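Shown here: work_7.cif, mmCIF, C-alpha atoms.
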```cif
data_coords
loop_
_atom_site.label_atom_id
_atom_site.label_comp_id
_atom_site.auth_asym_id
_atom_site.auth_seq_id
_atom_site.Cartn_x
_atom_site.Cartn_y
_atom_site.Cartn_z
CA MET A 1 90.60 75.71 131.08
CA PHE A 2 88.69 75.08 127.89
CA GLN A 3 89.61 75.64 124.27
CA ILE A 4 87.20 77.34 121.89
CA ARG A 5 87.03 75.65 118.50
CA MET A 6 87.35 77.98 115.57
CA GLU A 7 84.40 78.10 113.20
CA LEU A 8 85.16 76.66 109.79
CA GLU A 9 84.07 79.75 107.85
CA GLU A 10 86.27 81.95 110.04
CA ALA A 11 89.20 79.56 109.62
CA LEU A 12 88.87 79.53 105.84
CA ASP A 13 88.72 83.31 105.76
CA LEU A 14 91.92 83.58 107.81
CA LEU A 15 93.65 81.12 105.50
CA TYR A 16 92.38 82.94 102.41
CA LYS A 17 93.84 86.19 103.71
CA GLY A 18 97.16 84.47 104.48
CA THR A 19 97.07 85.20 108.20
CA SER A 20 97.10 81.62 109.42
CA ASN A 21 98.83 78.30 108.82
CA VAL A 22 96.80 75.52 107.17
CA ALA A 23 98.03 72.72 109.45
CA VAL A 24 97.53 74.75 112.63
CA THR A 25 94.08 75.89 111.53
CA ALA A 26 93.05 72.34 110.63
CA LYS A 27 94.00 71.20 114.12
CA GLU A 28 92.16 74.12 115.74
CA THR A 29 88.97 73.37 113.80
CA GLY A 30 89.17 69.63 114.38
CA VAL A 31 89.50 68.49 110.75
CA THR A 32 92.27 66.61 109.00
CA LEU A 33 94.95 68.49 107.08
CA GLU A 34 93.81 66.90 103.81
CA THR A 35 90.21 67.97 104.42
CA MET A 36 91.28 71.54 105.24
CA GLN A 37 93.41 71.69 102.09
CA HIS A 38 90.47 70.52 99.98
CA LEU A 39 88.05 72.95 101.65
CA LEU A 40 90.48 75.85 101.21
CA THR A 41 90.92 75.03 97.52
CA GLU A 42 87.16 75.09 97.00
CA TYR A 43 86.86 78.30 99.07
CA ILE A 44 89.48 80.01 96.89
CA LYS A 45 87.85 78.86 93.64
CA VAL A 46 84.59 80.66 94.46
CA ARG A 47 86.38 83.86 95.56
CA PRO A 48 88.61 85.06 92.74
CA ILE A 49 91.04 87.87 93.51
CA ASP A 50 90.04 91.27 92.21
CA PRO A 51 92.98 92.65 90.21
CA ASP A 52 92.28 96.18 91.50
CA VAL A 53 92.94 95.06 95.07
CA TRP A 54 96.69 95.24 94.45
CA LEU A 55 96.47 98.92 93.54
CA ALA A 56 95.76 99.75 97.18
CA ASP A 57 98.89 97.91 98.36
CA VAL A 58 101.33 100.74 99.02
CA GLU A 59 103.43 99.29 101.85
CA VAL A 60 107.07 98.69 101.08
CA SER A 61 108.04 95.07 101.50
CA TRP A 62 111.12 92.93 101.21
CA PRO A 63 113.31 93.03 99.10
CA TYR A 64 113.36 96.80 99.24
CA ILE A 65 116.76 98.40 98.79
CA THR A 66 117.31 101.93 100.08
#
```

In structure tokens, how does this file's structure come out?
Amino acid sequence: MFQIRMELEEALDLLYKGTSNVAVTAKETGVTLETMQHLLTEYIKVRPIDPDVWLADVEVSWPYIT
């Protein structure tokens, strides 16, 4: 069985969206944790969060008291 290496751009996008762990993704892409942390920092700097994006977030999340 072979393992498919994740593309770096795809890995950074998953990390940016918060759907993956940095250490796990670094291992899957074959780079060191420190390198992945640096690359993610640079990736985030060039993609600022649009403040209007939060307006679409309507799902109830913890801590929600009924």

(message) Using the chain letters and numbers from this file, what does the PyMOL selection byres ((chain A and resi 21-26) around 9) select? Give the answer as a ChimeraX atom specification.
(response) /A:6,11-12,14-15,18-20,27-37,40

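Between CA of Ala56 in chain A and CA of Leu8 in chain A the interatomic distance comes to 28.4 Å.
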
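Our summary of the geometry notes that CA of Asp52 in chain A is positioned 24.1 Å from CA of Glu10 in chain A.
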
(message) Between CA of Pro48 in chain A and CA of Glu7 in chain A, what is the distance in Å, rounded to a tenth?
(response) 22.0 Å

Would you mind completing range 13-27 of chain A so that it carries N, CA and C atoms, and writing it out as an mmCIF file, in the coordinates of the input?
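Listed below is the output, out-v1.cif:
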```cif
data_model
loop_
_atom_site.group_PDB
_atom_site.id
_atom_site.type_symbol
_atom_site.label_atom_id
_atom_site.label_comp_id
_atom_site.auth_asym_id
_atom_site.auth_seq_id
_atom_site.Cartn_x
_atom_site.Cartn_y
_atom_site.Cartn_z
ATOM 1 N N ASP A 13 88.476 81.903 106.055
ATOM 2 C CA ASP A 13 88.720 83.310 105.760
ATOM 3 C C ASP A 13 90.128 83.735 106.187
ATOM 4 N N LEU A 14 90.563 83.282 107.350
ATOM 5 C CA LEU A 14 91.920 83.580 107.810
ATOM 6 C C LEU A 14 92.964 82.985 106.865
ATOM 7 N N LEU A 15 92.717 81.770 106.428
ATOM 8 C CA LEU A 15 93.650 81.120 105.500
ATOM 9 C C LEU A 15 93.664 81.838 104.159
ATOM 10 N N TYR A 16 92.502 82.234 103.690
ATOM 11 C CA TYR A 16 92.380 82.940 102.410
ATOM 12 C C TYR A 16 93.166 84.243 102.429
ATOM 13 N N LYS A 17 93.136 84.918 103.571
ATOM 14 C CA LYS A 17 93.840 86.190 103.710
ATOM 15 C C LYS A 17 95.332 86.000 104.017
ATOM 16 N N GLY A 18 95.751 84.751 104.236
ATOM 17 C CA GLY A 18 97.160 84.470 104.480
ATOM 18 C C GLY A 18 97.617 84.798 105.880
ATOM 19 N N THR A 19 96.696 84.836 106.834
ATOM 20 C CA THR A 19 97.070 85.200 108.200
ATOM 21 C C THR A 19 97.148 84.010 109.138
ATOM 22 N N SER A 20 97.040 82.808 108.587
ATOM 23 C CA SER A 20 97.100 81.620 109.420
ATOM 24 C C SER A 20 97.739 80.474 108.656
ATOM 25 N N ASN A 21 98.210 79.483 109.385
ATOM 26 C CA ASN A 21 98.830 78.300 108.820
ATOM 27 C C ASN A 21 97.776 77.215 108.624
ATOM 28 N N VAL A 22 97.814 76.523 107.485
ATOM 29 C CA VAL A 22 96.800 75.520 107.170
ATOM 30 C C VAL A 22 96.800 74.381 108.186
ATOM 31 N N ALA A 23 97.962 73.852 108.517
ATOM 32 C CA ALA A 23 98.030 72.720 109.450
ATOM 33 C C ALA A 23 97.541 73.119 110.842
ATOM 34 N N VAL A 24 97.946 74.283 111.303
ATOM 35 C CA VAL A 24 97.530 74.750 112.630
ATOM 36 C C VAL A 24 96.013 74.988 112.647
ATOM 37 N N THR A 25 95.505 75.607 111.599
ATOM 38 C CA THR A 25 94.080 75.890 111.530
ATOM 39 C C THR A 25 93.259 74.614 111.441
ATOM 40 N N ALA A 26 93.742 73.630 110.715
ATOM 41 C CA ALA A 26 93.050 72.340 110.630
ATOM 42 C C ALA A 26 92.933 71.714 112.018
ATOM 43 N N LYS A 27 94.019 71.767 112.765
ATOM 44 C CA LYS A 27 94.000 71.200 114.120
ATOM 45 C C LYS A 27 93.037 71.959 115.022
#
```
